[in-house]
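For reference, upload-v1.csv is printed below; it contains CSV, C-alpha atoms and all ligand atoms.
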```csv
chain,number,residue,atom,x,y,z
A,1,MET,CA,0.0,0.0,0.0
A,2,GLN,CA,1.2,3.5,-0.9
A,3,THR,CA,0.9,6.6,1.2
A,4,TYR,CA,2.5,10.1,1.1
A,5,CYS,CA,5.7,11.2,2.8
A,6,PRO,CA,4.5,13.8,5.4
A,7,ASN,CA,7.5,16.0,4.6
A,8,CYS,CA,8.0,16.0,0.8
A,9,PHE,CA,4.7,14.4,-0.2
A,10,ASP,CA,6.5,11.8,-2.4
A,11,GLN,CA,4.6,8.5,-2.6
A,12,ILE,CA,6.1,5.9,-0.2
A,13,ASP,CA,5.2,2.5,1.1
A,14,ALA,CA,2.7,2.7,4.0
A,15,ASP,CA,5.0,0.8,6.3
A,16,ALA,CA,8.2,2.7,5.3
A,17,MET,CA,10.1,4.1,8.3
A,18,LYS,CA,12.1,6.5,6.3
A,19,CYS,CA,11.2,8.4,3.1
A,20,PRO,CA,13.5,7.3,0.2
A,21,ALA,CA,13.2,10.7,-1.4
A,22,CYS,CA,13.9,13.1,1.4
A,23,GLY,CA,15.2,10.8,4.1
A,24,CYS,CA,12.9,12.0,6.8
A,25,ALA,CA,11.9,9.6,9.6
A,26,VAL,CA,8.2,9.3,8.7
A,27,LEU,CA,6.8,8.4,12.1
A,28,PHE,CA,8.7,11.2,13.9
A,29,TRP,CA,8.1,13.9,11.3
A,30,GLY,CA,6.5,17.1,12.6
A,31,ARG,CA,6.9,16.3,16.3
A,32,ALA,CA,8.8,19.5,16.9
A,33,MET,CA,6.2,21.5,15.0
A,34,SER,CA,3.0,23.1,16.3
A,35,GLU,CA,-0.3,21.8,15.0
A,36,THR,CA,-0.7,25.0,13.0
A,37,GLU,CA,2.7,24.6,11.4
A,38,ARG,CA,1.9,21.0,10.5
A,39,LEU,CA,-1.4,22.1,8.9
A,40,ILE,CA,0.2,24.9,7.0
A,41,HIS,CA,2.7,22.4,5.6
A,42,SER,CA,-0.3,20.1,4.6
A,43,LEU,CA,-1.6,22.9,2.4
A,44,GLY,CA,1.1,21.8,-0.1
A,45,HIS,CA,-0.2,18.2,-0.2
A,46,PRO,CA,-0.7,16.9,-3.8
A,47,GLN,CA,-4.1,15.4,-2.9
A,48,ARG,CA,-6.9,17.9,-2.8
A,49,SER,CA,-8.8,16.1,-0.1
A,50,GLU,CA,-5.7,16.3,2.2
A,51,ARG,CA,-5.4,20.1,1.4
A,52,LEU,CA,-9.0,20.7,2.2
A,53,LYS,CA,-8.7,18.7,5.5
A,54,ALA,CA,-6.0,21.1,6.5
A,55,VAL,CA,-8.1,24.1,5.5
A,56,TYR,CA,-11.0,22.8,7.6
A,57,ALA,CA,-8.7,22.0,10.6
A,58,LEU,CA,-7.2,25.5,10.4
A,59,ALA,CA,-10.7,26.9,10.8
A,60,ASP,CA,-11.0,25.1,14.1
A,61,LEU,CA,-7.8,26.6,15.4
A,62,PRO,CA,-8.2,30.2,14.2
A,63,GLN,CA,-4.5,31.2,14.5
A,64,SER,CA,-3.7,33.9,12.0
A,65,GLU,CA,-0.2,32.5,11.1
A,66,SER,CA,-1.9,30.5,8.4
A,67,ALA,CA,-3.7,33.4,6.8
A,68,LEU,CA,-1.1,34.2,4.1
A,69,PRO,CA,-0.3,30.5,3.3
A,70,LEU,CA,-4.0,30.0,2.9
A,71,ALA,CA,-4.3,32.9,0.4
A,72,ASP,CA,-1.2,31.5,-1.4
A,73,LEU,CA,-3.0,28.1,-1.7
A,74,CYS,CA,-5.8,29.9,-3.6
A,75,PHE,CA,-3.4,31.5,-6.0
A,76,GLY,CA,-1.5,28.2,-6.5
A,77,LYS,CA,-4.8,26.5,-7.5
A,78,PRO,CA,-6.8,29.3,-9.1
A,79,ASP,CA,-9.3,27.1,-10.8
A,80,ASP,CA,-10.4,25.4,-7.5
A,81,ILE,CA,-13.2,27.8,-6.6
A,82,TRP,CA,-14.6,25.5,-3.9
A,83,GLN,CA,-11.2,25.3,-2.2
A,84,ALA,CA,-11.0,29.1,-2.3
A,85,VAL,CA,-14.5,29.4,-0.8
A,86,GLU,CA,-13.4,27.1,2.1
A,87,VAL,CA,-10.3,29.2,2.5
A,88,ILE,CA,-12.3,32.4,2.8
A,89,ARG,CA,-14.6,30.8,5.3
A,90,THR,CA,-11.5,29.8,7.4
A,91,LEU,CA,-10.1,33.3,7.1
A,92,ALA,CA,-13.4,34.7,8.2
A,93,ALA,CA,-13.2,32.6,11.4
A,94,MET,CA,-9.8,34.1,12.3
A,95,PRO,CA,-9.2,37.0,14.6
A,96,ALA,CA,-9.4,40.5,12.9
A,97,VAL,CA,-5.7,41.0,12.7
A,98,GLU,CA,-3.7,42.7,9.9
A,99,ARG,CA,-2.4,39.5,8.1
A,100,VAL,CA,-6.0,38.2,7.9
A,101,GLU,CA,-7.0,41.6,6.4
A,102,VAL,CA,-4.0,41.4,3.9
A,103,ALA,CA,-4.9,37.8,2.9
A,104,LEU,CA,-8.6,38.7,2.3
A,105,ALA,CA,-7.6,41.9,0.5
A,106,ARG,CA,-5.2,40.0,-1.8
A,107,LEU,CA,-8.0,37.5,-2.7
A,108,ALA,CA,-10.5,40.4,-3.2
A,109,LEU,CA,-8.2,42.3,-5.5
A,110,GLU,CA,-6.0,39.8,-7.2
A,111,HIS,CA,-7.7,36.4,-7.5
A,112,PRO,CA,-8.4,35.6,-11.1
A,113,ALA,CA,-12.0,34.3,-10.4
A,114,GLY,CA,-14.7,36.9,-10.0
A,115,PRO,CA,-16.8,35.0,-7.5
A,116,VAL,CA,-13.8,34.5,-5.3
A,117,GLN,CA,-13.0,38.2,-5.5
A,118,THR,CA,-16.6,39.0,-4.5
A,119,LEU,CA,-16.8,36.6,-1.6
A,120,ALA,CA,-13.4,37.8,-0.3
A,121,ALA,CA,-14.6,41.4,-0.5
A,122,HIS,CA,-17.7,40.6,1.4
A,123,ALA,CA,-15.7,38.8,4.1
A,124,LEU,CA,-13.3,41.7,4.3
A,125,ASP,CA,-16.2,44.2,4.7
A,126,ALA,CA,-17.9,42.1,7.3
A,127,LYS,CA,-14.8,41.6,9.3
A,128,PHE,CA,-12.9,44.9,9.0
A,129,GLY,CA,-15.8,47.2,8.1
A,130,GLY,CA,-16.1,49.2,4.9
A,131,GLY,CA,-15.1,52.8,4.2
A,132,GLU,CA,-11.5,52.7,5.4
A,133,ALA,CA,-9.8,52.4,2.1
B,201,ZN,ZN,9.9,12.6,1.9
```

Would you write the structure of this file as structure tokens?
Ligand SMILES: [Zn+2]
Amino acid sequence: MQTYCPNCFDQIDADAMKCPACGCAVLFWGRAMSETERLIHSLGHPQRSERLKAVYALADLPQSESALPLADLCFGKPDDIWQAVEVIRTLAAMPAVERVEVALARLALEHPAGPVQTLAAHALDAKFGGGEA
């Protein structure tokens, strides 16, 4: 059975102790990282379902460190509108701090998909209030 290396996301045997590609000790990977750091790393997973799991989990621990990596995820996969919708929902659950504002503003102004821009602009308004351009 195949699985993914938690560090480099190469495909490895499910019972491998060490990743042949990057050499990390699979079972011990991430122990020194915070849950938020591990989830931010998982935003780079090649499987969409794993990326979305990380997006949902980040909504449950609304720490703003993940705001900009979440916005980057939307720009990395610009055709995945649903993923962007979930990212905006997660950003809306975060504290109203500057990097959350920057992440939403980037999506509102620069995302190639119109619906994503609109949704991000609404979330920005709801969270940070309109009128202060
Ligand atoms: Zn690896």

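Note that atom CA of A:Met1 and atom CA of A:Asp13 are 5.9 Å apart.
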
Selected residue of minimal separation from A:His111 among A:Ala54, A:Ala93, A:Val85, A:Cys74, counting only C-alpha atoms: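 Closest to A:His111 of all the choices is A:Cys74.
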
Length of the atom CA of A:Val55 to atom CA of A:Asp80 vector [Å]: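 Distance reported for this atom pair: 13.3 Å.
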
Could you name the residues that touch stretch 124-129 of chain A at 10 Å or less, counting all atoms listed in the file, but leaving out those on the same chain fewer than 4 positions away, as a list of chain:residue names?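 The contact residues come out as A:Ile88, A:Leu91, A:Ala92, A:Ala93, A:Met94, A:Pro95, A:Ala96, A:Val97, A:Glu98, A:Val100, A:Glu101, A:Val102, A:Ala103, A:Leu104, A:Ala105, A:Leu107, A:Ala108, A:Thr118, A:Leu119, A:Ala120, A:Ala133.
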
Please report as a tab-separated table every residue of chain A lying within 12 Å of ligand ZN 201 (chain B), along with the nearest atom pair and their distance in Å (one decimal), using only C-alpha atoms and all ligand atoms.
```
residue	atom	partner	partner_atom	distance
A:Thr3	CA	B:ZN201	ZN	10.8
A:Tyr4	CA	B:ZN201	ZN	7.9
A:Cys5	CA	B:ZN201	ZN	4.5
A:Pro6	CA	B:ZN201	ZN	6.5
A:Asn7	CA	B:ZN201	ZN	5.0
A:Cys8	CA	B:ZN201	ZN	4.0
A:Phe9	CA	B:ZN201	ZN	5.9
A:Asp10	CA	B:ZN201	ZN	5.5
A:Gln11	CA	B:ZN201	ZN	8.1
A:Ile12	CA	B:ZN201	ZN	8.0
A:Asp13	CA	B:ZN201	ZN	11.2
A:Ala16	CA	B:ZN201	ZN	10.6
A:Met17	CA	B:ZN201	ZN	10.6
A:Lys18	CA	B:ZN201	ZN	7.8
A:Cys19	CA	B:ZN201	ZN	4.6
A:Pro20	CA	B:ZN201	ZN	6.6
A:Ala21	CA	B:ZN201	ZN	5.0
A:Cys22	CA	B:ZN201	ZN	4.1
A:Gly23	CA	B:ZN201	ZN	6.0
A:Cys24	CA	B:ZN201	ZN	5.8
A:Ala25	CA	B:ZN201	ZN	8.5
A:Val26	CA	B:ZN201	ZN	7.7
A:Leu27	CA	B:ZN201	ZN	11.5
A:Trp29	CA	B:ZN201	ZN	9.7
A:His45	CA	B:ZN201	ZN	11.7
```

With distances taken over all atoms listed in the file, which residue among A:His122, A:Pro115, A:Ala59, A:Pro46 lies nearest A:Glu86?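 Of the candidates, the smallest distance to A:Glu86 is held by A:Ala59.
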
Which residues are close to A:Arg51, i.e. within 10 Å by all atoms listed in the file, leaving aside same-chain residues fewer than 6 positions away? Reply as a CSV table (one decimal) with C-alpha atoms, keeping the file's coordinate frame.
```
chain,number,residue,atom,x,y,z
A,39,LEU,CA,-1.4,22.1,8.9
A,40,ILE,CA,0.2,24.9,7.0
A,41,HIS,CA,2.7,22.4,5.6
A,42,SER,CA,-0.3,20.1,4.6
A,43,LEU,CA,-1.6,22.9,2.4
A,44,GLY,CA,1.1,21.8,-0.1
A,45,HIS,CA,-0.2,18.2,-0.2
A,57,ALA,CA,-8.7,22.0,10.6
A,73,LEU,CA,-3.0,28.1,-1.7
A,83,GLN,CA,-11.2,25.3,-2.2
```

Interatomic distance between atom CA of A:Ala71 and atom CA of A:Ser34?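 That distance, rounded to one decimal, is 20.1 Å.
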
Nearest to A:Ile81: which of A:Ala32, A:Glu37, A:Pro112, A:Gln47 is it, counting only C-alpha atoms?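 Of A:Ala32, A:Glu37, A:Pro112, A:Gln47, the one nearest A:Ile81 is A:Pro112, counting only C-alpha atoms.
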
Pick from A:Lys77, A:Arg31, A:Arg99, A:Arg38 nearest to A:Lys53, counting all atoms listed in the file: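 Of A:Lys77, A:Arg31, A:Arg99, A:Arg38, the one nearest A:Lys53, counting all atoms listed in the file, is A:Arg38.
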
Pick from A:Leu68, A:Trp82, A:Thr90, A:Thr36, whichever lies nearest to A:Tyr56 using only C-alpha atoms: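 So, comparing all the options, the nearest one is A:Thr90.
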
Which of these residues is nearest to A:Pro69, using only C-alpha atoms: A:Phe28, A:Ser49, A:Gln2, A:Arg106?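 Of A:Phe28, A:Ser49, A:Gln2, A:Arg106, the one nearest A:Pro69 is A:Arg106, counting only C-alpha atoms.
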